[in-house]
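Student: See start_23.csv below, with CSV, C-alpha atoms and all ligand atoms.
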```
chain,number,residue,atom,x,y,z
A,12,MET,CA,176.9,-40.3,28.8
A,13,LYS,CA,174.0,-41.6,31.0
A,14,ARG,CA,173.3,-45.2,32.0
A,15,ILE,CA,169.8,-46.0,31.1
A,16,LEU,CA,167.5,-49.0,32.0
A,17,ILE,CA,164.8,-50.0,29.5
A,18,THR,CA,162.2,-52.5,30.8
A,19,GLY,CA,160.6,-54.2,27.8
A,20,GLY,CA,163.8,-53.4,25.8
A,21,ALA,CA,163.3,-56.4,23.5
A,22,GLY,CA,159.8,-55.4,22.5
A,23,PHE,CA,158.6,-53.4,19.5
A,24,VAL,CA,159.0,-49.9,21.0
A,25,GLY,CA,161.7,-50.9,23.5
A,26,SER,CA,164.1,-52.1,20.7
A,27,HIS,CA,163.8,-48.8,18.9
A,28,LEU,CA,164.5,-46.9,22.1
A,29,CYS,CA,167.6,-49.1,22.7
A,30,ASN,CA,168.8,-48.1,19.2
A,31,ARG,CA,168.2,-44.5,19.7
A,32,LEU,CA,169.8,-44.1,23.1
A,33,LEU,CA,172.9,-46.0,22.1
A,34,ASN,CA,173.2,-43.8,19.0
A,35,ASP,CA,172.9,-40.8,21.2
A,36,GLY,CA,176.0,-42.1,23.1
A,37,HIS,CA,174.5,-43.6,26.2
A,38,GLU,CA,175.0,-46.9,28.0
A,39,VAL,CA,171.8,-49.0,27.7
A,40,ILE,CA,170.5,-52.0,29.7
A,41,SER,CA,167.6,-53.9,28.3
A,42,LEU,CA,165.5,-55.9,30.8
A,43,ASP,CA,162.9,-58.3,29.4
A,44,ASN,CA,161.3,-61.6,30.1
A,45,TYR,CA,160.6,-62.2,26.3
A,46,PHE,CA,156.9,-62.8,26.8
A,47,THR,CA,156.1,-60.7,23.6
A,48,GLY,CA,159.6,-59.4,22.9
A,49,SER,CA,162.2,-61.1,20.8
A,50,LYS,CA,166.0,-61.2,20.9
A,51,ARG,CA,165.8,-60.8,17.1
A,52,ASN,CA,164.9,-57.1,17.7
A,53,ILE,CA,168.1,-56.4,19.6
A,54,VAL,CA,170.5,-59.0,18.3
A,55,HIS,CA,172.3,-56.4,16.1
A,56,LEU,CA,173.2,-54.5,19.3
A,57,MET,CA,174.8,-57.5,21.1
A,58,ASP,CA,178.3,-56.6,20.0
A,59,ASN,CA,178.0,-53.1,21.3
A,60,PRO,CA,180.1,-52.8,24.5
A,61,TYR,CA,177.7,-50.1,25.8
A,62,PHE,CA,174.7,-52.5,25.5
A,63,GLU,CA,173.7,-55.1,28.2
A,64,VAL,CA,170.8,-57.6,28.1
A,65,ILE,CA,169.2,-59.0,31.3
A,66,ARG,CA,166.4,-61.6,31.4
A,67,HIS,CA,164.2,-60.7,34.2
A,68,ASP,CA,160.5,-60.3,35.1
A,69,VAL,CA,159.5,-56.9,36.3
A,70,THR,CA,157.1,-58.4,38.8
A,71,MET,CA,160.2,-59.4,40.8
A,72,PRO,CA,162.4,-56.7,42.5
A,73,PHE,CA,165.5,-55.8,40.7
A,74,PHE,CA,168.6,-53.7,41.7
A,75,ILE,CA,170.9,-51.8,39.4
A,76,GLU,CA,172.6,-48.4,39.4
A,77,VAL,CA,171.3,-46.2,36.5
A,78,ASP,CA,170.5,-42.5,35.9
A,79,GLU,CA,167.2,-43.1,34.0
A,80,ILE,CA,164.6,-45.8,33.7
A,81,TYR,CA,162.1,-46.1,30.8
A,82,ASN,CA,159.4,-48.5,32.1
A,83,LEU,CA,157.9,-50.2,29.0
A,84,ALA,CA,157.5,-53.8,30.2
A,85,CYS,CA,153.9,-54.9,29.5
A,86,PRO,CA,152.3,-56.8,26.6
A,87,ALA,CA,150.5,-54.2,24.4
A,88,SER,CA,148.4,-56.2,22.0
A,89,PRO,CA,144.9,-57.1,23.1
A,90,ILE,CA,145.5,-60.8,22.2
A,91,HIS,CA,148.6,-60.9,24.3
A,92,TYR,CA,147.5,-58.9,27.3
A,93,GLN,CA,144.2,-60.9,27.5
A,94,TYR,CA,146.1,-64.3,27.4
A,95,ASN,CA,146.9,-64.1,31.1
A,96,PRO,CA,144.9,-61.1,32.5
A,97,ILE,CA,146.2,-61.6,36.1
A,98,LYS,CA,149.8,-61.5,34.9
A,99,THR,CA,149.0,-58.4,32.9
A,100,VAL,CA,147.8,-56.6,36.0
A,101,LYS,CA,150.8,-57.9,38.0
A,102,THR,CA,153.2,-56.7,35.3
A,103,SER,CA,151.7,-53.2,35.3
A,104,VAL,CA,151.2,-52.8,39.0
A,105,MET,CA,154.0,-54.8,40.6
A,106,GLY,CA,156.3,-53.8,37.8
A,107,ALA,CA,155.6,-50.1,38.5
A,108,VAL,CA,156.1,-50.7,42.3
A,109,ASN,CA,159.4,-52.4,41.7
A,110,MET,CA,160.8,-49.9,39.2
A,111,LEU,CA,159.6,-46.9,41.3
A,112,GLY,CA,161.2,-48.4,44.4
A,113,LEU,CA,164.4,-48.7,42.5
A,114,ALA,CA,164.1,-45.2,41.2
A,115,LYS,CA,163.6,-44.0,44.7
A,116,ARG,CA,166.6,-45.8,46.1
A,117,ILE,CA,169.0,-44.8,43.4
A,118,LYS,CA,167.5,-41.3,42.7
A,119,ALA,CA,166.9,-42.1,39.0
A,120,LYS,CA,164.4,-40.3,36.8
A,121,ILE,CA,161.7,-42.7,35.6
A,122,LEU,CA,159.3,-42.5,32.6
A,123,GLN,CA,156.2,-44.6,32.4
A,124,ALA,CA,154.8,-45.9,29.1
A,125,SER,CA,151.1,-45.3,29.8
A,126,THR,CA,148.5,-45.6,27.1
A,127,SER,CA,145.5,-44.0,25.5
A,128,GLU,CA,143.6,-47.0,26.9
A,129,VAL,CA,143.3,-45.0,30.2
A,130,TYR,CA,140.6,-43.1,28.3
A,131,GLY,CA,138.7,-46.3,27.6
A,132,ASP,CA,135.9,-46.0,25.0
A,133,PRO,CA,136.1,-42.2,25.2
A,134,LEU,CA,133.0,-40.0,25.5
A,135,VAL,CA,135.2,-36.9,24.7
A,136,HIS,CA,136.8,-36.5,21.3
A,137,PRO,CA,139.6,-35.8,20.7
A,138,GLN,CA,141.1,-36.9,24.0
A,139,LYS,CA,142.9,-34.4,26.2
A,140,GLU,CA,145.0,-35.3,29.2
A,141,ASP,CA,142.4,-33.8,31.7
A,142,TYR,CA,139.7,-36.3,30.5
A,143,TRP,CA,139.3,-39.0,33.2
A,144,GLY,CA,138.1,-41.7,30.8
A,145,HIS,CA,135.4,-44.2,30.3
A,146,VAL,CA,136.7,-47.6,31.3
A,147,ASN,CA,134.9,-50.8,32.1
A,148,PRO,CA,136.6,-52.1,35.2
A,149,ILE,CA,135.5,-55.7,34.7
A,150,GLY,CA,135.7,-56.0,30.9
A,151,LYS,CA,138.1,-57.9,28.6
A,152,ARG,CA,140.4,-54.9,28.4
A,153,SER,CA,140.3,-54.0,32.1
A,154,CYS,CA,143.5,-56.0,33.0
A,155,TYR,CA,145.4,-53.7,30.7
A,156,ASP,CA,143.5,-50.4,31.1
A,157,GLU,CA,143.1,-50.6,34.9
A,158,GLY,CA,146.6,-51.9,35.4
A,159,LYS,CA,148.0,-48.9,33.5
A,160,ARG,CA,145.7,-46.5,35.4
A,161,VAL,CA,147.0,-47.8,38.7
A,162,ALA,CA,150.5,-47.5,37.4
A,163,GLU,CA,149.9,-43.8,36.8
A,164,THR,CA,148.5,-43.5,40.4
A,165,LEU,CA,151.6,-45.2,41.7
A,166,PHE,CA,153.8,-42.8,39.7
A,167,VAL,CA,152.2,-39.6,41.0
A,168,SER,CA,152.1,-41.1,44.5
A,169,TYR,CA,155.8,-41.9,44.6
A,170,ARG,CA,156.4,-38.3,43.4
A,171,GLU,CA,154.2,-36.8,46.1
A,172,GLN,CA,155.4,-39.1,49.0
A,173,ASN,CA,159.0,-39.7,48.0
A,174,ASN,CA,160.0,-37.0,45.5
A,175,VAL,CA,160.7,-39.5,42.8
A,176,ARG,CA,161.4,-37.7,39.5
A,177,ILE,CA,158.7,-39.1,37.2
A,178,LYS,CA,157.3,-38.6,33.6
A,179,ILE,CA,154.1,-40.2,32.2
A,180,ALA,CA,153.6,-40.6,28.5
A,181,ARG,CA,150.1,-41.7,27.2
A,182,ILE,CA,150.9,-43.4,24.0
A,183,PHE,CA,148.4,-43.7,21.2
A,184,ASN,CA,148.4,-46.6,18.6
A,185,THR,CA,152.0,-46.9,17.4
A,186,TYR,CA,153.3,-49.1,14.5
A,187,GLY,CA,156.5,-49.8,12.6
A,188,PRO,CA,159.3,-52.3,12.1
A,189,ASN,CA,160.0,-54.9,14.9
A,190,MET,CA,156.3,-55.5,15.6
A,191,HIS,CA,155.8,-59.2,16.0
A,192,PRO,CA,154.2,-60.7,12.8
A,193,ASN,CA,151.6,-62.5,15.0
A,194,ASP,CA,151.2,-59.6,17.3
A,195,GLY,CA,147.5,-59.3,16.5
A,196,ARG,CA,147.4,-55.5,16.4
A,197,VAL,CA,145.7,-54.0,13.4
A,198,VAL,CA,148.6,-52.6,11.4
A,199,SER,CA,150.8,-55.7,11.6
A,200,ASN,CA,147.8,-58.0,11.0
A,201,PHE,CA,146.7,-56.1,7.8
A,202,ILE,CA,150.2,-55.9,6.4
A,203,VAL,CA,151.0,-59.6,7.0
A,204,GLN,CA,147.7,-60.7,5.6
A,205,ALA,CA,148.1,-58.5,2.5
A,206,LEU,CA,151.6,-59.7,1.9
A,207,LYS,CA,150.6,-63.3,2.2
A,208,GLY,CA,147.5,-62.8,0.0
A,209,GLU,CA,145.2,-63.9,3.0
A,210,ASP,CA,141.9,-62.3,3.8
A,211,ILE,CA,142.1,-59.0,5.6
A,212,THR,CA,140.1,-59.4,8.9
A,213,ILE,CA,138.0,-56.3,9.7
A,214,TYR,CA,136.5,-56.5,13.2
A,215,GLY,CA,132.9,-55.1,13.3
A,216,ASP,CA,131.9,-52.8,10.4
A,217,GLY,CA,135.4,-51.2,10.3
A,218,LYS,CA,134.0,-47.7,11.0
A,219,GLN,CA,135.8,-47.5,14.4
A,220,THR,CA,138.7,-45.1,14.2
A,221,ARG,CA,142.3,-45.0,15.5
A,222,SER,CA,145.2,-42.5,15.1
A,223,PHE,CA,148.4,-44.2,14.0
A,224,GLN,CA,151.8,-43.0,15.0
A,225,TYR,CA,155.0,-44.1,13.4
A,226,VAL,CA,157.5,-45.4,16.0
A,227,ASP,CA,160.3,-42.9,15.3
A,228,ASP,CA,157.9,-40.1,16.2
A,229,LEU,CA,157.1,-41.8,19.6
A,230,ILE,CA,160.8,-42.3,20.4
A,231,GLU,CA,161.5,-38.6,19.8
A,232,GLY,CA,158.6,-37.7,22.1
A,233,PHE,CA,160.0,-40.1,24.8
A,234,ILE,CA,163.4,-38.5,24.7
A,235,ARG,CA,162.0,-34.9,24.8
A,236,LEU,CA,159.7,-35.8,27.7
A,237,MET,CA,162.5,-37.4,29.7
A,238,ASP,CA,164.4,-34.1,29.3
A,239,THR,CA,161.6,-31.7,30.2
A,240,ARG,CA,162.0,-29.4,33.3
A,241,GLU,CA,161.6,-31.2,36.6
A,242,GLU,CA,158.2,-29.8,37.5
A,243,PHE,CA,156.7,-31.2,34.3
A,244,ILE,CA,155.6,-34.7,34.9
A,245,GLY,CA,152.7,-35.2,32.4
A,246,PRO,CA,150.7,-37.2,31.7
A,247,VAL,CA,151.2,-36.1,28.2
A,248,ASN,CA,149.6,-37.6,25.0
A,249,LEU,CA,152.1,-38.9,22.4
A,250,GLY,CA,150.2,-39.8,19.2
A,251,ASN,CA,149.5,-38.7,15.7
A,252,PRO,CA,146.3,-36.8,15.4
A,253,GLY,CA,145.6,-38.1,11.9
A,254,GLU,CA,142.5,-40.2,12.4
A,255,PHE,CA,141.4,-43.1,10.1
A,256,THR,CA,138.7,-45.7,10.1
A,257,ILE,CA,139.9,-49.3,10.2
A,258,LEU,CA,138.4,-49.7,6.7
A,259,GLU,CA,140.5,-46.8,5.4
A,260,LEU,CA,143.6,-48.4,6.9
A,261,ALA,CA,142.8,-51.7,5.2
A,262,GLU,CA,142.3,-49.9,1.8
A,263,LYS,CA,145.6,-48.0,2.2
A,264,VAL,CA,147.5,-51.3,3.0
A,265,LEU,CA,146.0,-53.0,0.0
A,266,GLU,CA,146.9,-50.0,-2.3
A,267,LEU,CA,150.5,-49.8,-1.0
A,268,THR,CA,151.2,-53.6,-1.1
A,269,GLY,CA,149.3,-54.1,-4.4
A,270,SER,CA,147.7,-57.1,-2.8
A,271,LYS,CA,144.5,-58.8,-4.1
A,272,SER,CA,143.5,-59.9,-0.6
A,273,LYS,CA,139.7,-59.6,0.2
A,274,LEU,CA,138.2,-57.8,3.1
A,275,VAL,CA,136.3,-60.2,5.5
A,276,PHE,CA,134.2,-59.0,8.4
A,277,LYS,CA,134.5,-60.6,11.9
A,278,PRO,CA,132.7,-59.9,15.2
A,279,LEU,CA,133.9,-56.8,17.0
A,280,PRO,CA,135.6,-57.7,20.3
A,281,SER,CA,133.9,-56.5,23.4
A,282,ASP,CA,134.7,-53.0,24.7
A,283,ASP,CA,136.6,-52.2,21.5
A,284,PRO,CA,136.7,-48.3,21.6
A,285,LEU,CA,134.7,-46.7,18.8
A,286,GLN,CA,137.0,-43.7,18.3
A,287,ARG,CA,140.4,-42.5,19.3
A,288,GLN,CA,142.4,-39.3,18.5
A,289,PRO,CA,144.9,-37.5,20.6
A,290,ASP,CA,144.8,-33.8,21.4
A,291,ILE,CA,148.6,-33.0,21.4
A,292,THR,CA,148.4,-29.4,22.4
A,293,LEU,CA,150.3,-30.1,25.6
A,294,ALA,CA,153.1,-32.1,23.9
A,295,LYS,CA,153.5,-29.3,21.4
A,296,LYS,CA,153.8,-26.7,24.2
A,297,GLU,CA,156.0,-28.6,26.7
A,298,LEU,CA,158.0,-30.8,24.5
A,299,GLY,CA,158.1,-28.7,21.3
A,300,TRP,CA,157.1,-32.0,19.7
A,301,GLU,CA,154.7,-33.2,17.0
A,302,PRO,CA,154.7,-36.2,14.8
A,303,LYS,CA,156.5,-35.8,11.4
A,304,ILE,CA,155.8,-39.1,9.6
A,305,PRO,CA,152.5,-39.3,7.8
A,306,LEU,CA,150.6,-42.7,7.7
A,307,GLU,CA,151.5,-43.5,4.1
A,308,LYS,CA,155.2,-43.0,4.6
A,309,GLY,CA,155.3,-45.0,7.8
A,310,LEU,CA,153.2,-47.8,6.3
A,311,VAL,CA,155.7,-48.1,3.4
A,312,LYS,CA,158.6,-48.5,5.8
A,313,THR,CA,156.6,-51.1,7.8
A,314,ILE,CA,155.6,-53.0,4.7
A,315,ASN,CA,159.2,-53.2,3.6
A,316,TYR,CA,160.2,-54.6,7.0
A,317,PHE,CA,157.5,-57.3,7.0
A,318,ASP,CA,158.3,-58.2,3.3
A,319,GLN,CA,161.9,-58.8,4.3
A,320,LEU,CA,160.9,-60.7,7.5
A,321,LEU,CA,158.4,-63.0,5.7
A,322,SER,CA,161.0,-63.8,3.0
A,323,GLU,CA,163.4,-65.0,5.7
A,324,LEU,CA,160.8,-67.3,7.4
B,1,LIG,P1,155.6,-55.3,23.1
B,1,LIG,O1,154.6,-56.3,23.5
B,1,LIG,O2,156.2,-55.4,21.7
B,1,LIG,O3,156.7,-55.0,24.1
B,1,LIG,C1,156.5,-55.2,25.5
B,1,LIG,C2,157.8,-55.8,26.1
B,1,LIG,O4,157.7,-56.1,27.5
B,1,LIG,C3,158.1,-57.2,25.4
B,1,LIG,O5,159.5,-57.3,25.1
B,1,LIG,C4,157.8,-58.2,26.5
B,1,LIG,O6,158.5,-59.4,26.4
B,1,LIG,C5,158.2,-57.4,27.8
B,1,LIG,N1,157.4,-57.8,29.0
B,1,LIG,C6,156.1,-58.1,29.1
B,1,LIG,N2,155.9,-58.5,30.4
B,1,LIG,C7,157.1,-58.4,31.0
B,1,LIG,C8,157.4,-58.7,32.4
B,1,LIG,N3,156.5,-59.1,33.3
B,1,LIG,N4,158.7,-58.5,32.7
B,1,LIG,C9,159.7,-58.1,31.8
B,1,LIG,N5,159.4,-57.9,30.5
B,1,LIG,C10,158.1,-58.0,30.2
B,1,LIG,O7,154.7,-53.9,23.1
B,1,LIG,P2,155.1,-52.4,22.7
B,1,LIG,O8,154.2,-52.0,21.6
B,1,LIG,O9,156.6,-52.3,22.4
B,1,LIG,O10,154.7,-51.6,24.0
B,1,LIG,C11,155.7,-51.1,24.9
B,1,LIG,C12,155.0,-50.3,26.0
B,1,LIG,O11,154.3,-49.2,25.4
B,1,LIG,C13,154.0,-51.1,26.8
B,1,LIG,O12,154.1,-50.8,28.1
B,1,LIG,C14,152.7,-50.7,26.2
B,1,LIG,O13,151.7,-50.8,27.1
B,1,LIG,C15,153.0,-49.2,25.8
B,1,LIG,N6,152.1,-48.8,24.7
B,1,LIG,C16,152.3,-49.2,23.4
B,1,LIG,C17,151.4,-48.8,22.5
B,1,LIG,C18,151.6,-49.2,21.0
B,1,LIG,O14,150.7,-48.9,20.2
B,1,LIG,N7,152.7,-49.8,20.6
B,1,LIG,C19,150.3,-47.9,22.8
B,1,LIG,C20,150.2,-47.6,24.1
B,1,LIG,C21,151.1,-48.0,25.1
B,2,LIG,N1,141.2,-54.7,14.3
B,2,LIG,C1,140.7,-55.3,13.1
B,2,LIG,N2,141.3,-56.4,12.5
B,2,LIG,C2,142.4,-56.9,13.0
B,2,LIG,C3,143.0,-56.4,14.2
B,2,LIG,C4,142.3,-55.3,14.8
B,2,LIG,O1,139.7,-54.8,12.6
B,2,LIG,O2,142.9,-57.9,12.5
B,2,LIG,C5,140.6,-53.6,14.8
B,2,LIG,C6,140.3,-53.7,16.3
B,2,LIG,O3,139.0,-54.3,16.5
B,2,LIG,C7,140.3,-52.2,16.8
B,2,LIG,C8,141.4,-51.6,15.9
B,2,LIG,O4,141.5,-52.5,14.8
B,2,LIG,O5,139.1,-51.6,16.5
B,2,LIG,C9,142.7,-51.4,16.5
B,2,LIG,O6,143.1,-52.7,17.1
B,2,LIG,P1,144.5,-52.9,17.8
B,2,LIG,O7,144.4,-54.3,18.4
B,2,LIG,O8,145.6,-52.7,16.9
B,2,LIG,O9,144.6,-51.8,19.0
B,2,LIG,P2,143.6,-51.2,20.0
B,2,LIG,O10,142.2,-51.8,19.9
B,2,LIG,O11,144.2,-51.6,21.3
B,2,LIG,O12,143.6,-49.8,19.8
```
Please, can you express the file's structure as structure tokens?
Ligand code: NAD
Ligand code: UDP

Tutor:
Amino acid sequence: MKRILITGGAGFVGSHLCNRLLNDGHEVISLDNYFTGSKRNIVHLMDNPYFEVIRHDVTMPFFIEVDEIYNLACPASPIHYQYNPIKTVKTSVMGAVNMLGLAKRIKAKILQASTSEVYGDPLVHPQKEDYWGHVNPIGKRSCYDEGKRVAETLFVSYREQNNVRIKIARIFNTYGPNMHPNDGRVVSNFIVQALKGEDITIYGDGKQTRSFQYVDDLIEGFIRLMDTREEFIGPVNLGNPGEFTILELAEKVLELTGSKSKLVFKPLPSDDPLQRQPDITLAKKELGWEPKIPLEKGLVKTINYFDQLLSEL
């Protein structure tokens, strides 16, 4: 049994990770400031004696004795991370410094939830880990993209200077139950709009692409990455290579919900990447991992979740 700290443990991905690690027989501590996360995501775990919840902001130092740290604390939806860009940079950068400092002191292994956004609006397709990216340093997305890029720099620097045991995952668009209904990301937006019979908001012409990964596949990738041999630190892409246009996603959601919602076109936000698809050759080789859940199956599970949630509101 390991004792494991998850920053951002009450968020969408963090809550699934709490479930999985407790099921695997570990002791889990969720640290969260509830900016975008919710106690609702972890309330079913509160009676578990091996689960602890701490309200804390990762921009402030924190001390605890653990074996492993998963550093997930950071808003992930463009609406949320652009709400207070300075705080977003602080969360990524000071959060990484604080968690790496902790890992150094207590000799814990630490995994960083990085992102495909480090590739920006990519000029290389599909994206491989050795692509350095195409990021606007002063655009609307830069607080998130550059914050995550500096966090990667801090991770490799703590390894080089202080021998901290690190792992870096570059996560591509992930969806599933426990996303916030007002999260603003495309999968939750489309499903909630379809279920409520509201217009489906397509930004731009809807021909931009994304590759959507179901959350269970990501969690399996996380666990395998944490357990890789010590010399393997990543960064490694974790995503589903199935690439869809936003219009295709909207049509799939309409088909699966049976909704009569209409598609409406809205302006494309600035710096919105045109295309995104992970090359997962490295994850296959080092982790023996690839996603198992196709888009349609994952969407059905997510639709069922939101259907239930909306009926309770
Ligand atoms: P989320 O917004 O649901 O979860 C983030 C969690 O971090 C929330 O519970 C939030 O309250 C918490 N948090 C934010 N700022 C904090 C702070 N200063 N101190 C403590 N807690 C704080 O997002 P998610 O989709 O679960 O993303 C989890 C991680 O994975 C993030 O680091 C994100 O950048 C990364 N990621 C996610 C995706 C995706 O598609 N879901 C893609 C790439 C990267
Ligand atoms: N998008 C959309 N309608 C929405 C929300 C998002 O057309 O209601 C588009 C958005 O412009 C982007 C894609 O869907 O091209 C994915 O957006 P999301 O915010 O989910 O993630 P990211 O852009 O960070 O990949």

Student: For Lys115 in chain A, find every residue with an atom within 12 Å (counting all atoms listed in the file), except residues of its own chain fewer than 6 positions away, and show them as a PyMOL selection string.

Tutor: chain A and resi 74-80+107-109+121+166+168-177

Student: Which residue out of A:Val275, A:Val24, A:Ala261, A:Ala84 has the minimum interatomic distance to Val104 in chain A when all atoms listed in the file are used?

Tutor: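 Distance minimum relative to Val104 in chain A lands on A:Ala84.
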
Student: Can you pull out every residue within 9 Å of Leu298 in chain A, counting all atoms listed in the file, but drop anything in the same chain fewer than 6 positions away, and send it as a list in words?

Tutor: Gly232, Arg235, Leu236, Asp238 and Thr239 of chain A

Student: Would you save the residues from that selection as a PDB file, in the frame of the given file, using C-alpha atoms?

Tutor:
```pdb
ATOM      1  CA  GLY A 232     158.600 -37.700  22.100  1.00  0.00           C
ATOM      2  CA  ARG A 235     162.000 -34.900  24.800  1.00  0.00           C
ATOM      3  CA  LEU A 236     159.700 -35.800  27.700  1.00  0.00           C
ATOM      4  CA  ASP A 238     164.400 -34.100  29.300  1.00  0.00           C
ATOM      5  CA  THR A 239     161.600 -31.700  30.200  1.00  0.00           C
TER       6      THR A 239
END
```

Student: Between A:Asn248, A:Thr164, A:Ser88, A:Gln224, single out the one closest to ligand LIG 2 (chain B), counting only C-alpha atoms and all ligand atoms.

Tutor: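 Of A:Asn248, A:Thr164, A:Ser88, A:Gln224, the one nearest ligand LIG 2 (chain B), counting only C-alpha atoms and all ligand atoms, is A:Ser88.
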
Student: Using all atoms listed in the file, which residue out of A:Val167, A:Leu229, A:Leu249, A:Leu274 lies closest to ligand LIG 2 (chain B)?

Tutor: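 Ranking A:Val167, A:Leu229, A:Leu249, A:Leu274 by distance to ligand LIG 2 (chain B), first place goes to A:Leu274.
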
Student: Counting only C-alpha atoms and all ligand atoms, which residues of chain A sit at most 7 Å from some atom of ligand LIG 2 (chain B), and what is each one's closest atom pair with its distance in Å to one decimal, listed by chain and rising residue number, as a Markdown table?

Tutor:
```
| residue | atom | partner | partner_atom | distance |
| --- | --- | --- | --- | --- |
| A:Ser88 | CA | B:LIG2 | O7 | 5.7 |
| A:Pro89 | CA | B:LIG2 | O7 | 5.5 |
| A:Asn184 | CA | B:LIG2 | O12 | 5.9 |
| A:Gly195 | CA | B:LIG2 | C3 | 5.8 |
| A:Arg196 | CA | B:LIG2 | O8 | 3.4 |
| A:Val197 | CA | B:LIG2 | C3 | 3.7 |
| A:Val198 | CA | B:LIG2 | O8 | 6.3 |
| A:Asn200 | CA | B:LIG2 | O2 | 5.1 |
| A:Phe201 | CA | B:LIG2 | O2 | 6.3 |
| A:Thr212 | CA | B:LIG2 | O2 | 4.8 |
| A:Ile213 | CA | B:LIG2 | O1 | 3.7 |
| A:Tyr214 | CA | B:LIG2 | O1 | 3.7 |
| A:Gly215 | CA | B:LIG2 | O1 | 6.8 |
| A:Gly217 | CA | B:LIG2 | O1 | 6.1 |
| A:Gln219 | CA | B:LIG2 | O5 | 5.7 |
| A:Thr220 | CA | B:LIG2 | O5 | 6.9 |
| A:Arg221 | CA | B:LIG2 | C9 | 6.5 |
| A:Ile257 | CA | B:LIG2 | O4 | 5.8 |
| A:Leu279 | CA | B:LIG2 | O3 | 5.7 |
| A:Pro280 | CA | B:LIG2 | O3 | 6.1 |
| A:Asp283 | CA | B:LIG2 | O5 | 5.6 |
| A:Pro284 | CA | B:LIG2 | O5 | 6.5 |
| A:Leu285 | CA | B:LIG2 | O5 | 7.0 |
```

Student: Could you work out how far atom C15 of ligand LIG 1 (chain B) lies from CA of Val247 in chain A, giving the answer in Å with one decimal?

Tutor: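 CA of Val247 in chain A sits 13.4 Å away from atom C15 of ligand LIG 1 (chain B).
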